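Chemist: Sharing coords_18.cif (mmCIF, C-alpha atoms) below.
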```cif
data_target
#
loop_
_atom_site.label_atom_id
_atom_site.label_comp_id
_atom_site.auth_asym_id
_atom_site.auth_seq_id
_atom_site.Cartn_x
_atom_site.Cartn_y
_atom_site.Cartn_z
CA MET A 154 14.86 7.02 -8.68
CA ALA A 155 14.41 6.68 -12.41
CA GLY A 156 15.49 3.34 -13.73
CA SER A 157 15.33 1.43 -10.45
CA SER A 158 12.52 -1.02 -10.25
CA THR A 159 10.12 -1.38 -7.38
CA HIS A 160 11.38 -3.55 -4.53
CA PRO A 161 9.20 -6.47 -3.35
CA ASP A 162 9.03 -4.74 0.03
CA GLN A 163 6.58 -2.36 -1.60
CA LYS A 164 4.09 -4.75 0.05
CA TYR A 165 4.76 -2.97 3.34
CA ILE A 166 3.88 0.35 1.76
CA GLU A 167 0.68 -1.12 0.36
CA GLY A 168 -0.14 -2.62 3.73
CA LEU A 169 0.29 0.78 5.40
CA LEU A 170 -1.98 2.34 2.79
CA MET A 171 -4.61 -0.29 3.54
CA ASN A 172 -4.16 0.38 7.23
CA SER A 173 -3.65 -3.32 7.72
CA PRO A 174 -3.09 -4.30 11.36
CA LEU A 175 -1.18 -7.39 10.26
CA VAL A 176 1.30 -5.39 8.23
CA ILE A 177 1.73 -2.69 10.88
CA LYS A 178 2.31 -5.34 13.51
CA SER A 179 4.87 -7.06 11.39
CA ILE A 180 6.70 -3.75 10.85
CA TYR A 181 6.80 -3.32 14.62
CA ASP A 182 8.03 -6.84 15.20
CA ARG A 183 10.65 -6.92 12.50
CA PHE A 184 12.00 -3.41 12.05
CA VAL A 185 11.19 -1.32 15.08
CA PRO A 186 13.54 -3.07 17.56
CA LYS A 187 16.54 -1.90 15.52
CA VAL A 188 15.32 1.70 15.67
CA VAL A 189 14.74 1.44 19.41
CA GLY A 190 18.26 0.04 19.78
CA TYR A 191 19.76 2.93 17.86
CA ILE A 192 17.87 5.65 19.71
CA THR A 193 18.47 4.23 23.17
CA LYS A 194 22.18 4.03 22.40
CA ASN A 195 22.15 7.65 21.32
CA SER A 196 20.82 9.67 24.26
CA GLY A 197 17.23 8.61 23.77
CA ASN A 198 14.83 6.29 25.53
CA GLU A 199 12.06 3.98 24.48
CA ASP A 200 9.41 6.70 24.62
CA ALA A 201 11.42 8.85 22.25
CA ALA A 202 11.81 5.90 19.92
CA LYS A 203 8.08 5.23 20.04
CA ASP A 204 7.35 8.81 18.92
CA VAL A 205 9.95 8.77 16.17
CA VAL A 206 8.61 5.50 14.79
CA GLN A 207 5.04 6.78 14.76
CA GLU A 208 5.98 10.05 13.10
CA VAL A 209 7.98 8.30 10.43
CA LEU A 210 5.26 5.76 9.69
CA VAL A 211 2.69 8.53 9.34
CA ALA A 212 5.05 10.43 7.03
CA ILE A 213 5.59 7.31 4.91
CA TYR A 214 1.84 6.76 4.77
CA LYS A 215 1.31 10.32 3.52
CA GLN A 216 4.11 10.02 1.02
CA ALA A 217 2.56 6.83 -0.31
CA LYS A 218 -0.96 8.16 -0.38
CA HIS A 219 -0.31 11.47 -2.04
CA LYS A 220 2.98 11.06 -3.87
CA GLY A 221 2.77 7.42 -4.93
CA LEU A 222 5.93 6.39 -3.06
CA LYS A 223 7.73 3.55 -4.84
CA LEU A 224 10.28 1.66 -2.77
CA THR A 225 13.42 0.85 -4.71
CA CYS A 226 15.23 -0.62 -1.70
CA PRO A 227 14.38 -2.88 1.23
CA PHE A 228 11.82 -1.38 3.59
CA ASP A 229 14.16 -1.96 6.52
CA ALA A 230 16.94 0.23 5.07
CA TYR A 231 14.57 3.05 4.16
CA PHE A 232 12.64 3.00 7.39
CA PHE A 233 15.75 2.84 9.57
CA LEU A 234 17.40 5.72 7.72
CA LEU A 235 14.33 7.93 8.07
CA CYS A 236 14.03 7.17 11.79
CA LYS A 237 17.72 7.75 12.33
CA ARG A 238 17.72 11.11 10.56
CA ARG A 239 14.63 12.24 12.39
CA TRP A 240 16.23 11.33 15.70
CA LEU A 241 19.50 13.10 14.87
CA ASN A 242 17.49 16.22 13.99
CA GLU A 243 15.66 15.91 17.26
CA ILE A 244 18.96 15.82 19.16
CA LYS A 245 20.26 18.81 17.25
CA LYS A 246 17.10 20.80 17.96
CA SER A 247 17.10 20.17 21.67
CA SER A 248 20.83 21.04 21.70
CA LEU A 249 21.43 18.34 24.27
CA LYS A 250 24.95 19.08 25.53
CA GLU A 251 27.59 17.30 23.53
CA VAL A 252 26.34 14.10 22.07
CA THR A 253 28.49 11.38 20.73
CA ILE A 254 26.78 9.39 18.09
CA ASN A 255 27.29 5.67 18.37
CA GLU A 256 27.17 4.49 14.82
CA GLU A 257 27.06 0.86 14.26
CA VAL A 258 28.15 -0.39 10.94
CA VAL A 259 24.92 -0.45 9.09
CA SER A 260 25.14 -1.31 5.48
CA ILE A 261 23.78 1.69 3.70
CA ASN A 262 21.92 1.02 0.56
CA ASP A 263 22.38 3.65 -2.18
CA ASP A 264 18.78 3.52 -3.24
CA ALA A 265 17.74 3.95 0.38
CA LEU A 266 19.99 6.99 0.71
CA GLN A 267 18.52 8.54 -2.38
CA LEU A 268 14.95 7.84 -1.28
CA ALA A 269 15.69 9.25 2.16
CA ASP A 270 17.19 12.40 0.59
CA GLU A 271 14.11 12.84 -1.55
CA PHE A 272 12.00 12.35 1.55
CA ASP A 273 13.92 15.06 3.42
CA ILE A 274 13.49 17.52 0.59
CA GLU A 275 9.76 16.78 0.47
CA GLN A 276 9.48 17.45 4.20
CA GLN A 277 11.31 20.76 3.87
CA LYS A 278 9.19 21.78 0.92
CA LYS A 279 6.12 21.07 2.98
CA LEU A 280 7.32 23.53 5.59
CA VAL A 281 7.67 26.23 2.93
CA PHE A 282 4.18 25.48 1.59
CA ASP A 283 2.75 25.65 5.09
CA LEU A 284 4.45 28.95 5.76
CA MET A 285 3.22 30.48 2.50
CA PHE A 286 -0.28 29.09 2.96
CA GLN A 287 -0.50 31.01 6.22
CA LYS A 288 0.33 34.19 4.30
CA LEU A 289 -2.55 33.73 1.83
CA GLY A 290 -5.65 35.88 2.27
CA ASP A 291 -8.46 34.39 4.37
CA ALA A 292 -10.82 34.07 1.39
CA CYS A 293 -8.32 31.87 -0.45
CA LYS A 294 -7.48 29.88 2.65
CA ASP A 295 -11.13 29.09 3.34
CA LEU A 296 -11.91 28.24 -0.23
CA LEU A 297 -8.91 25.95 -0.66
CA LYS A 298 -9.56 24.21 2.62
CA ALA A 299 -13.18 23.61 1.61
CA THR A 300 -12.42 22.44 -1.92
CA PHE A 301 -9.86 19.90 -0.80
CA GLU A 302 -11.86 18.68 2.15
CA ILE A 303 -15.16 18.34 0.37
CA LYS A 304 -14.02 17.51 -3.17
CA SER A 305 -17.41 18.10 -4.79
CA MET A 306 -17.24 21.65 -6.18
CA GLU A 307 -21.02 21.90 -6.23
CA GLU A 308 -21.12 21.34 -2.51
CA VAL A 309 -18.28 23.75 -1.91
CA ALA A 310 -20.04 26.45 -3.92
CA GLN A 311 -23.21 25.90 -1.96
CA LYS A 312 -21.42 25.99 1.36
CA LEU A 313 -19.60 29.20 0.56
CA GLY A 314 -22.67 30.79 -1.07
CA VAL A 315 -21.06 31.40 -4.45
CA THR A 316 -21.71 30.02 -7.92
CA TYR A 317 -20.10 26.82 -9.13
CA ALA A 318 -18.22 28.65 -11.90
CA TYR A 319 -16.92 31.23 -9.47
CA ALA A 320 -15.75 28.59 -7.00
CA ARG A 321 -13.86 26.74 -9.72
CA LYS A 322 -12.23 29.84 -11.07
CA LYS A 323 -11.33 31.09 -7.63
CA LYS A 324 -9.82 27.76 -6.71
CA SER A 325 -7.43 27.84 -9.65
CA LEU A 326 -6.53 31.46 -8.93
CA CYS A 327 -5.80 30.73 -5.28
CA ILE A 328 -3.66 27.70 -6.13
CA GLY A 329 -1.88 29.88 -8.68
CA GLU A 330 -1.26 32.54 -6.05
CA LEU A 331 0.10 30.05 -3.53
CA THR A 332 2.28 28.49 -6.23
CA ARG A 333 3.73 31.90 -7.10
CA MET A 334 4.49 32.71 -3.46
CA VAL A 335 6.20 29.36 -2.94
CA GLN A 336 8.21 29.52 -6.14
CA GLU A 337 9.44 33.01 -5.34
CA SER A 338 10.45 32.25 -1.78
CA PRO A 339 14.21 32.02 -1.23
CA GLU A 340 13.74 28.93 0.99
CA TYR A 341 12.11 27.07 -1.86
CA LYS A 342 14.70 28.20 -4.38
CA ASN A 343 17.42 26.88 -2.11
CA LEU A 344 15.76 23.49 -1.99
CA LYS A 345 15.54 23.28 -5.72
CA ALA A 346 19.14 24.32 -6.26
CA MET B 135 0.87 32.08 -14.87
CA ASN B 136 -2.12 33.61 -16.62
CA GLU B 137 -5.67 33.04 -15.49
CA LEU B 138 -6.70 30.97 -18.46
CA ASP B 139 -3.78 28.62 -18.05
CA LEU B 140 -4.61 28.24 -14.38
CA GLU B 141 -8.16 27.20 -15.17
CA LEU B 142 -6.82 24.79 -17.74
CA TYR B 143 -4.46 23.22 -15.21
CA GLU B 144 -7.29 22.77 -12.79
CA ALA B 145 -9.56 21.24 -15.40
CA TYR B 146 -6.81 18.85 -16.46
CA LEU B 147 -6.09 17.71 -12.90
CA ASP B 148 -9.77 17.48 -12.21
CA ASN B 149 -10.24 15.39 -15.33
CA THR B 150 -12.99 17.63 -16.66
CA LEU B 151 -11.43 18.38 -20.05
CA ASP B 152 -13.01 16.63 -23.00
CA SER B 153 -10.77 14.22 -24.88
CA GLU B 154 -9.93 16.73 -27.60
CA ALA B 155 -8.91 19.41 -25.12
CA LYS B 156 -6.99 16.87 -23.11
CA LYS B 157 -4.97 15.81 -26.12
CA ALA B 158 -4.22 19.44 -26.98
CA PHE B 159 -3.16 20.05 -23.39
CA GLU B 160 -0.78 17.10 -23.38
CA ALA B 161 0.68 18.12 -26.72
CA ARG B 162 1.34 21.58 -25.33
CA LEU B 163 3.08 20.06 -22.29
CA LEU B 164 5.49 18.36 -24.67
CA ASP B 165 6.22 21.44 -26.82
CA ASP B 166 6.17 24.29 -24.41
CA THR B 167 8.72 24.00 -21.60
CA SER B 168 7.59 27.01 -19.66
CA PHE B 169 3.96 25.86 -19.83
CA LYS B 170 5.09 22.48 -18.55
CA GLU B 171 7.16 23.96 -15.74
CA SER B 172 4.38 26.15 -14.54
CA PHE B 173 1.91 23.26 -14.73
CA GLU B 174 4.26 21.08 -12.66
CA ALA B 175 4.53 23.84 -10.07
CA TYR B 176 0.74 24.18 -9.97
CA LYS B 177 0.37 20.46 -9.59
CA GLU B 178 2.87 20.37 -6.74
CA THR B 179 0.80 22.95 -4.87
CA SER B 180 -2.36 21.02 -5.57
CA VAL B 181 -0.79 17.81 -4.19
CA PHE B 182 0.39 19.67 -1.11
CA LEU B 183 -3.15 20.92 -0.46
CA SER B 184 -4.66 17.53 -0.99
CA GLU B 185 -2.20 16.04 1.48
CA LYS B 186 -3.07 18.76 3.96
CA TYR B 187 -6.85 18.59 3.70
CA SER B 188 -8.09 15.57 1.77
CA ASP B 189 -8.87 12.14 3.15
CA GLN B 190 -8.41 13.22 6.75
CA GLU B 191 -10.71 10.45 7.95
CA ASP B 192 -8.43 7.82 6.44
CA LEU B 193 -5.44 9.48 8.01
CA ASN B 194 -7.12 9.61 11.42
CA ALA B 195 -8.07 5.96 11.16
CA PHE B 196 -4.48 5.10 10.28
CA GLU B 197 -3.07 7.17 13.14
CA ASN B 198 -5.43 5.56 15.65
CA ASN B 199 -4.65 2.09 14.48
CA LEU B 200 -0.94 2.86 14.61
CA LYS B 201 -1.18 4.27 18.09
CA ASN B 202 -2.96 1.19 19.40
CA LEU B 203 -0.57 -1.25 17.79
CA SER B 204 2.38 0.79 19.00
CA GLU B 205 1.07 0.71 22.58
CA GLU B 206 0.53 -3.00 22.27
CA HIS B 207 4.04 -3.54 20.96
CA PHE B 208 5.81 -1.44 23.57
CA THR B 209 3.83 -2.61 26.59
CA LYS B 210 4.41 -6.20 25.60
CA LYS B 211 8.13 -5.44 25.53
CA THR B 212 8.40 -3.53 28.77
CA SER B 213 6.31 -5.92 30.80
CA SER B 214 9.35 -8.02 31.62
CA GLY B 215 10.40 -6.08 34.72
CA TYR B 216 11.75 -7.92 37.77
CA LYS B 217 8.28 -8.16 39.29
CA THR B 218 7.13 -10.30 36.45
CA GLU B 219 10.10 -12.63 36.76
CA ILE B 220 8.47 -14.70 39.46
CA TRP B 221 5.32 -14.98 37.42
CA LYS B 222 7.35 -16.16 34.50
CA TYR B 223 8.68 -19.04 36.57
CA ALA B 224 5.23 -19.79 37.87
CA ALA B 225 3.84 -19.70 34.34
CA ALA B 226 6.66 -21.93 33.14
CA ILE B 227 5.86 -24.51 35.79
CA VAL B 228 2.17 -24.43 34.96
CA MET B 229 3.01 -24.76 31.29
CA LEU B 230 5.30 -27.71 31.93
CA ILE B 231 2.56 -29.45 33.82
CA THR B 232 0.00 -28.67 31.16
CA ILE B 233 2.20 -29.71 28.30
CA GLY B 234 3.18 -32.84 30.17
CA GLY B 235 -0.51 -33.52 30.64
CA PHE B 236 -1.19 -33.03 26.97
CA PHE B 237 1.55 -35.38 25.97
CA LEU B 238 0.32 -38.04 28.33
CA MET B 239 -3.22 -37.78 27.12
CA ASP B 240 -2.77 -37.21 23.48
CA ASN B 241 -0.03 -39.26 21.93
CA ASP B 242 2.40 -36.41 21.42
CA GLN B 243 0.61 -34.43 18.74
CA PRO B 244 0.50 -30.67 19.06
CA GLN B 245 -2.91 -29.13 19.57
CA TYR B 246 -4.69 -26.57 17.46
CA THR B 247 -5.39 -24.46 20.52
CA ASP B 248 -1.66 -24.22 21.32
CA PHE B 249 -1.07 -22.43 18.06
CA ALA B 250 -4.30 -20.72 17.05
CA THR B 251 -4.11 -16.98 17.18
CA TYR B 252 -6.37 -14.73 15.24
CA PRO B 253 -5.53 -11.14 14.54
CA THR B 254 -7.71 -8.36 15.87
CA ILE B 255 -9.03 -6.95 12.67
CA SER B 256 -9.81 -3.41 11.71
CA LEU B 257 -11.93 -2.94 8.64
CA VAL B 258 -13.43 0.46 9.20
CA GLN B 259 -10.79 2.68 7.75
CA ARG B 260 -11.78 3.89 4.39
CA GLY B 261 -13.43 7.10 5.37
CA SER B 262 -16.90 5.94 4.51
CA GLY B 263 -17.39 4.32 7.93
CA ASP B 264 -19.20 1.45 6.19
CA PRO B 265 -21.61 0.02 8.79
CA MET B 266 -21.25 -3.47 7.33
CA ALA B 267 -17.48 -3.33 7.80
CA LYS B 268 -18.02 -2.26 11.40
CA LYS B 269 -20.38 -5.19 12.01
CA ALA B 270 -17.92 -7.65 10.45
CA GLU B 271 -15.10 -6.23 12.52
CA ASN B 272 -17.03 -6.43 15.78
CA ALA B 273 -18.30 -9.93 15.14
CA PHE B 274 -14.82 -11.17 14.23
CA ASN B 275 -13.12 -9.52 17.18
CA ASN B 276 -15.78 -10.90 19.53
CA LYS B 277 -15.10 -14.32 18.03
CA SER B 278 -18.65 -14.65 16.69
CA PHE B 279 -17.28 -16.26 13.59
CA GLU B 280 -20.58 -17.46 12.16
CA GLU B 281 -21.89 -13.92 12.15
CA ALA B 282 -18.57 -12.52 10.93
CA THR B 283 -18.68 -14.89 7.95
CA ALA B 284 -22.11 -13.60 6.97
CA TYR B 285 -20.95 -9.98 7.06
CA LEU B 286 -17.73 -10.78 5.24
CA ASN B 287 -19.80 -12.47 2.52
CA GLU B 288 -21.67 -9.22 1.99
CA LEU B 289 -18.49 -7.16 1.93
CA LEU B 290 -16.84 -9.54 -0.50
CA GLY B 291 -19.90 -9.31 -2.71
CA ASN B 292 -18.91 -5.73 -3.45
CA ASP B 293 -15.19 -6.33 -3.45
CA PRO B 294 -14.61 -9.95 -4.46
CA ASN B 295 -10.83 -9.72 -4.85
CA ASN B 296 -10.08 -8.08 -1.53
CA GLN B 297 -7.33 -10.32 -0.17
CA GLU B 298 -7.61 -9.05 3.37
CA LEU B 299 -11.33 -9.85 3.52
CA LEU B 300 -10.74 -13.28 1.97
CA LEU B 301 -8.11 -14.04 4.60
CA TYR B 302 -10.44 -13.07 7.44
CA ARG B 303 -13.31 -15.06 5.99
CA GLY B 304 -10.95 -18.02 5.67
CA ILE B 305 -10.04 -17.72 9.35
CA ALA B 306 -13.67 -17.31 10.40
CA GLN B 307 -14.72 -20.37 8.44
CA THR B 308 -11.92 -22.47 9.89
CA GLU B 309 -13.25 -21.53 13.29
CA THR B 310 -16.77 -22.61 12.43
CA GLY B 311 -15.53 -25.87 10.93
CA ASN B 312 -16.46 -24.99 7.37
CA TYR B 313 -13.09 -26.20 6.15
CA GLN B 314 -13.83 -26.63 2.49
CA ASN B 315 -14.84 -23.02 1.98
CA ALA B 316 -12.17 -21.82 4.35
CA TYR B 317 -9.43 -23.46 2.29
CA LYS B 318 -10.88 -22.06 -0.90
CA ASP B 319 -10.44 -18.54 0.48
CA LEU B 320 -7.06 -19.22 2.03
CA ASP B 321 -5.73 -20.92 -1.12
CA GLU B 322 -6.76 -17.97 -3.18
CA VAL B 323 -4.89 -15.57 -0.92
CA ALA B 324 -1.88 -17.89 -0.65
CA SER B 325 -1.55 -18.15 -4.40
CA GLY B 326 -1.64 -14.39 -4.86
CA SER B 327 1.15 -11.96 -4.17
CA SER B 328 -0.40 -9.81 -1.46
CA VAL B 329 1.13 -9.25 1.97
CA TYR B 330 -1.42 -11.70 3.36
CA LYS B 331 -0.02 -14.61 1.40
CA ASN B 332 2.01 -16.25 4.17
CA GLU B 333 -0.54 -15.56 6.85
CA ALA B 334 -3.02 -17.43 4.64
CA LEU B 335 -0.67 -20.44 4.48
CA TRP B 336 -0.25 -20.37 8.23
CA GLN B 337 -3.98 -20.20 8.82
CA LYS B 338 -4.56 -23.09 6.45
CA ALA B 339 -1.94 -25.14 8.30
CA LEU B 340 -3.80 -24.38 11.55
CA GLY B 341 -7.06 -25.52 10.01
CA LEU B 342 -5.47 -28.81 9.00
CA LEU B 343 -4.00 -29.15 12.46
CA LYS B 344 -7.46 -28.66 13.90
CA GLN B 345 -8.71 -31.42 11.63
CA LYS B 346 -5.77 -33.54 12.81
CA ASN B 347 -4.70 -33.90 9.22
CA TYR B 348 -1.03 -33.79 10.22
CA ASN B 349 0.54 -34.79 6.93
CA LYS B 350 -1.24 -32.17 4.88
CA CYS B 351 -0.52 -29.67 7.61
CA LYS B 352 3.21 -30.34 7.25
CA LEU B 353 3.04 -29.90 3.50
CA VAL B 354 1.51 -26.47 3.91
CA LEU B 355 3.99 -25.44 6.60
CA VAL B 356 7.02 -26.16 4.45
CA GLU B 357 5.69 -23.70 1.90
CA ILE B 358 6.18 -20.82 4.31
CA PRO B 359 9.48 -19.21 3.31
CA PRO B 360 12.21 -18.15 5.81
CA SER B 361 11.59 -14.49 4.95
CA ALA B 362 8.01 -14.71 6.26
CA ASP B 363 6.98 -13.44 9.68
CA GLU B 364 5.22 -16.75 10.19
CA TYR B 365 8.39 -18.77 9.52
CA ASN B 366 9.48 -19.30 13.12
CA LYS B 367 6.16 -20.52 14.42
CA ALA B 368 5.76 -22.68 11.32
CA GLN B 369 9.12 -24.30 12.05
CA THR B 370 8.20 -24.83 15.69
CA LEU B 371 5.00 -26.56 14.70
CA LEU B 372 6.78 -28.61 12.03
CA LYS B 373 9.26 -29.90 14.58
CA LYS B 374 6.45 -30.96 16.88
CA LEU B 375 4.70 -32.78 14.08
#
```
How does the structure come out when it is put into structure tokens?
Modeler:
Amino acid sequence: MAGSSTHPDQKYIEGLLMNSPLVIKSIYDRFVPKVVGYITKNSGNEDAAKDVVQEVLVAIYKQAKHKGLKLTCPFDAYFFLLCKRRWLNEIKKSSLKEVTINEEVVSINDDALQLADEFDIEQQKKLVFDLMFQKLGDACKDLLKATFEIKSMEEVAQKLGVTYAYARKKKSLCIGELTRMVQESPEYKNLKA
Amino acid sequence: MNELDLELYEAYLDNTLDSEAKKAFEARLLDDTSFKESFEAYKETSVFLSEKYSDQEDLNAFENNLKNLSEEHFTKKTSSGYKTEIWKYAAAIVMLITIGGFFLMDNDQPQYTDFATYPTISLVQRGSGDPMAKKAENAFNNKSFEEATAYLNELLGNDPNNQELLLYRGIAQTETGNYQNAYKDLDEVASGSSVYKNEALWQKALGLLKQKNYNKCKLVLVEIPPSADEYNKAQTLLKKL
């Protein structure tokens, strides 16, 4: 997204980050009906739409909080695309008979497409990280969990009954180990290709 | 990745390198591509872990808030089944009578109470579970606006530019009739560029309506742009004025 400037709709992202009821409500009022319309026209019902919307909003929140998401397109376009893709995946997974997709002509914004692609890759990477994290030794798992939950290394060291210096060193070694496992995994290499 | 580099990466991300070491580190990032690549990979892992384990309280608060607002949105929508049809007609008749009554009694001007809506606010979300925020939230949501103003004053003392808090204090003060201070807060929010901007204009217009200052009210309403969520209700009120 280099070069593109931040869209004024970034205010929605900021509102989500602030957990602002006003902003969330306005997202529901303005943008959710379109998603519900799309899903109900494509083998889904309102409950399914409700879940998709919640999952996507949580994913956007995380993306904003931890990856500094910058919107370069209208929120509507981005949000709709993410919901739509998530729903199409859902249909594919549940291998619901033959499904005909009723596409309405929705103007697709290039920046939105690019952002949505980046989002998809991030989600797939996360799956690889999760998978590899499970393969780490228990000592690393516990230490990493504690250091990211607690943040203060002094407290972590105390909790785990090790010295501060050891906890720090071990943390970097464990992150290094997880990084190596992820980088070497064929799934991750495919994503980067 | 060698062990020393790993410790260096961690120290850099943790911001515990002294300024000299930090400069050296950044210079090396520029010169040494493989150092840079392996640092980026390390950082990606670190971000993944922080997403997985850090700030879970904030995330939980967000998810809860979302769930409630989602329920509210979807139940509001689905409540128009055939059973409610008859009630709709009944409600419409009652409304006609009431509105008719209003018009007869009060030379045609719209009433503050027809338009006033205050949001249910949620301030306890930033992990810390700030007891003051909880008190402000409860007072506001229970419509004890005097009390809410006092708590919001305290919160704003620590965070004077918080637009959301200013908006809520503006609303609370309109409710208690402290218009001068209310408009000060609302004007500040309305002149900023936060997401609360248009809501602040709307709330100010409501305050003026409550004061029966119809001309000023109109002037504020026309400032609400068509792109705003508040546009439709602002137009409705404008027409009535």
Chemist: Name the residues captured by the PyMOL selection byres ((chain B) within 8 of (chain A)) when it is applied to the shown file; answer as a ChimeraX atom specification.
Modeler: /B:135,137,140-141,143-144,175-176,179-185,187-190,195-197,199-201,203-204,207-208,253-256,259,328-329,363
Chemist: Could you list, as a CSV table (one decimal) with C-alpha atoms, in the frame of the given file, every residue within 8 Å of Tyr231 (chain A), counting all atoms listed in the file and ignoring same-chain residues fewer than 3 positions away?
Modeler:
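Output contents, as saved in around33.csv:
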```csv
chain,number,residue,atom,x,y,z
A,226,CYS,CA,15.2,-0.6,-1.7
A,227,PRO,CA,14.4,-2.9,1.2
A,228,PHE,CA,11.8,-1.4,3.6
A,234,LEU,CA,17.4,5.7,7.7
A,235,LEU,CA,14.3,7.9,8.1
A,265,ALA,CA,17.7,4.0,0.4
A,266,LEU,CA,20.0,7.0,0.7
A,268,LEU,CA,15.0,7.8,-1.3
A,269,ALA,CA,15.7,9.2,2.2
```
Chemist: Using Å and a single decimal, report how far CA of Gln369 (chain B) sits from CA of Asn312 (chain B).
Modeler: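 CA of Gln369 (chain B) lies at a distance of 26.0 Å from CA of Asn312 (chain B).
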Chemist: Can you measure CA of Ser278 (chain B) to CA of Glu322 (chain B) for me? One decimal in Å is fine.
Modeler: 23.4 Å
Chemist: Pick out the closest residue to Lys277 (chain B) from this set: B:Asp152, B:Glu309, B:Glu206, B:Asp166. Count all atoms listed in the file.
Modeler: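 Closest to Lys277 (chain B), using all atoms listed in the file: B:Glu309.
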Chemist: Tell me, as a ChimeraX atom specification, which residues lie within 9 Å of Ser338 (chain A), counting all atoms listed in the file; anything in the same chain fewer than 5 positions away does not count.
Modeler: /A:281,285,333,343
Chemist: Keeping only C-alpha atoms, take the residues you just selected and write them out as a compact mmCIF listing (two decimals), in the coordinates of the input.
Modeler:
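Saved file out.txt follows:
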```txt
# COMPACT_ATOMS: atom_id res chain seq x y z
CA VAL A 281 7.67 26.23 2.93
CA MET A 285 3.22 30.48 2.50
CA ARG A 333 3.73 31.90 -7.10
CA ASN A 343 17.42 26.88 -2.11
```
Chemist: Work out how far apart CA of Ala320 (chain A) and CA of Leu296 (chain A) are and give it in Å to one decimal.
Modeler: 7.8 Å
Chemist: For a quick check of understanding, using all atoms listed in the file, which of A:Leu344, A:Ile244, A:Ala201, A:Met334 has the smallest distance to Leu284 (chain A)?
Modeler: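 Checking each candidate against Leu284 (chain A), we get A:Met334 as the closest.
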Chemist: If the box runs along x, y and z of the file and leaves 5 Å on each side of region 210-225 of chain A, what are its centre and edge lengths in Å, one decimal, as lines of an AutoDock Vina configuration file?
Modeler:
```
center_x = 6.2
center_y = 6.2
center_z = 2.4
size_x = 24.4
size_y = 20.6
size_z = 24.6
```
Chemist: Just checking: using only C-alpha atoms, which residue out of B:Asn276, B:Asn366, B:Gln337, B:Gln314 ends up closest to Leu301 (chain B)?
Modeler: B:Gln337
Chemist: Enumerate, as a ChimeraX atom specification, the residues matched when the PyMOL selection byres ((chain B and resi 247) around 12) is run on the file above.
Modeler: /B:236,243-246,248-252,309,340-341,343-346
Chemist: Can you translate the PyMOL selection byres ((chain B and resi 357) around 12) into the concrete residues it hits in this file, as an MDAnalysis selection string?
Modeler: chainID B and resid 324:325 331:336 338:339 350:356 358:362 364:365 368:369 372
Chemist: Need the shell around Val188 (chain A): protein/DNA/RNA residues with any atom at most 8 Å away, counting all atoms listed in the file. Skip same-chain ones fewer than 3 positions apart. Format as an MDAnalysis selection string?
Modeler: chainID A and resid 184:185 191:192 202 206 233 236:237
